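Asker: Just passing along the structure, written as structure tokens.
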Amino acid sequence: MKALVLGGTGLLGANLVRALLNRGDHVRVLVRSVKSGVQATRHHLALQGLEVERAQGDLGDVDTLTRACDGAQVVYHCAGYYPNPERVVSAERATAQALEETRHVLTAVQR
């Protein structure tokens, strides 16, 4: 099975990636294009040593999501807003963002 994991660098997603690989699936993980800093380090560490395909993209960009979905037989959406001290947002804004990003995922899957 060819699987796309959104949020594969997070706790839930990284464990799902490992389970899928153990099952013998081909796994593609959507990773944000971050040049340096904490996010880049987290991406590197969460996927370190794993034979996964990486697709750069963002949940806010339907076109990059569509490219990431290309050829996938199943899409696991494990991504979500996680507050960090530098950019905490209100619950309403986080919910609105999550709904918009989920709509983007559904649009990309349909394409």
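Chain identifiers are assigned as A, B, and so on, following the order in which chains appear in the structure tokens; residues are numbered from 1 within each chain, and ligands are numbered from 1 in order of appearance.
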Excluding Val62 of chain A and residues on its chain fewer than 4 positions from it, collect all residues at most 7 Å away from it, counting only C-alpha atoms, and give them as JSON, numbers by chain.
Answerer: {"A": [66, 104, 108]}
Asker: Please identify the strand (DSSP E or B) residues within segment 4-88 of chain A (assignment by DSSP from backbone atoms) and present them as an MDAnalysis selection string.
Answerer: chainID A and resid 4:6 26:31 53:56 74:77
Asker: Restricted to N, CA and C atoms, what would the selected residues look like written as a compact mmCIF listing (two decimals), in the first residue's frame?
Answerer:
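The resulting file, again.txt, is reproduced below:
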```txt
# COMPACT_ATOMS: atom_id res chain seq x y z
N LEU A 4 0.25 8.20 2.34
CA LEU A 4 0.73 9.55 2.62
C LEU A 4 0.35 9.87 4.06
N VAL A 5 1.33 10.31 4.84
CA VAL A 5 1.06 10.69 6.23
C VAL A 5 1.29 12.19 6.37
N LEU A 6 0.23 12.89 6.72
CA LEU A 6 0.30 14.32 7.02
C LEU A 6 0.53 14.42 8.52
N HIS A 26 4.68 1.44 1.52
CA HIS A 26 5.52 2.54 1.03
C HIS A 26 4.94 3.80 1.66
N VAL A 27 5.77 4.59 2.33
CA VAL A 27 5.28 5.75 3.07
C VAL A 27 5.89 7.04 2.54
N ARG A 28 5.01 7.99 2.27
CA ARG A 28 5.41 9.36 1.91
C ARG A 28 4.96 10.24 3.07
N VAL A 29 5.81 11.16 3.48
CA VAL A 29 5.49 12.06 4.58
C VAL A 29 5.55 13.50 4.07
N LEU A 30 4.51 14.27 4.37
CA LEU A 30 4.52 15.69 4.03
C LEU A 30 5.34 16.42 5.07
N VAL A 31 6.34 17.16 4.61
CA VAL A 31 7.16 17.97 5.52
C VAL A 31 7.15 19.40 5.04
N GLU A 53 9.57 8.44 1.80
CA GLU A 53 9.63 9.48 0.78
C GLU A 53 9.17 10.77 1.43
N ARG A 54 9.84 11.85 1.14
CA ARG A 54 9.47 13.15 1.70
C ARG A 54 8.90 14.03 0.60
N ALA A 55 7.75 14.61 0.88
CA ALA A 55 7.14 15.56 -0.04
C ALA A 55 7.04 16.89 0.68
N GLN A 56 7.63 17.93 0.12
CA GLN A 56 7.55 19.24 0.76
C GLN A 56 6.21 19.88 0.44
N VAL A 74 -3.91 5.78 0.26
CA VAL A 74 -4.55 6.17 1.51
C VAL A 74 -3.81 7.38 2.07
N VAL A 75 -4.57 8.29 2.68
CA VAL A 75 -3.99 9.49 3.29
C VAL A 75 -4.38 9.51 4.77
N TYR A 76 -3.39 9.61 5.63
CA TYR A 76 -3.61 9.72 7.07
C TYR A 76 -3.35 11.16 7.47
N HIS A 77 -4.36 11.79 8.05
CA HIS A 77 -4.24 13.20 8.45
C HIS A 77 -3.99 13.27 9.95
```
Asker: How would you write, as JSON, numbers by chain, the set of residues in segment 7-82 of chain A that DSSP gives as alpha helix (DSSP H)?
Answerer: {"A": [11, 12, 13, 14, 15, 16, 17, 18, 19, 20, 21, 22, 23, 38, 39, 40, 41, 42, 43, 44, 45, 46, 47, 62, 63, 64, 65, 66, 67, 68, 69]}
Asker: What is the distance, in Å and to one decimal place, between atom CA of Thr9 of chain A and atom CA of Ala72 of chain A?
Answerer: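 Distance between the two atoms: 18.2 Å.
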Asker: Looking at A:Leu45, A:Leu106, A:Leu65, A:Leu50, which one is nearest to Ala19 of chain A, with distances taken over only C-alpha atoms?
Answerer: A:Leu50
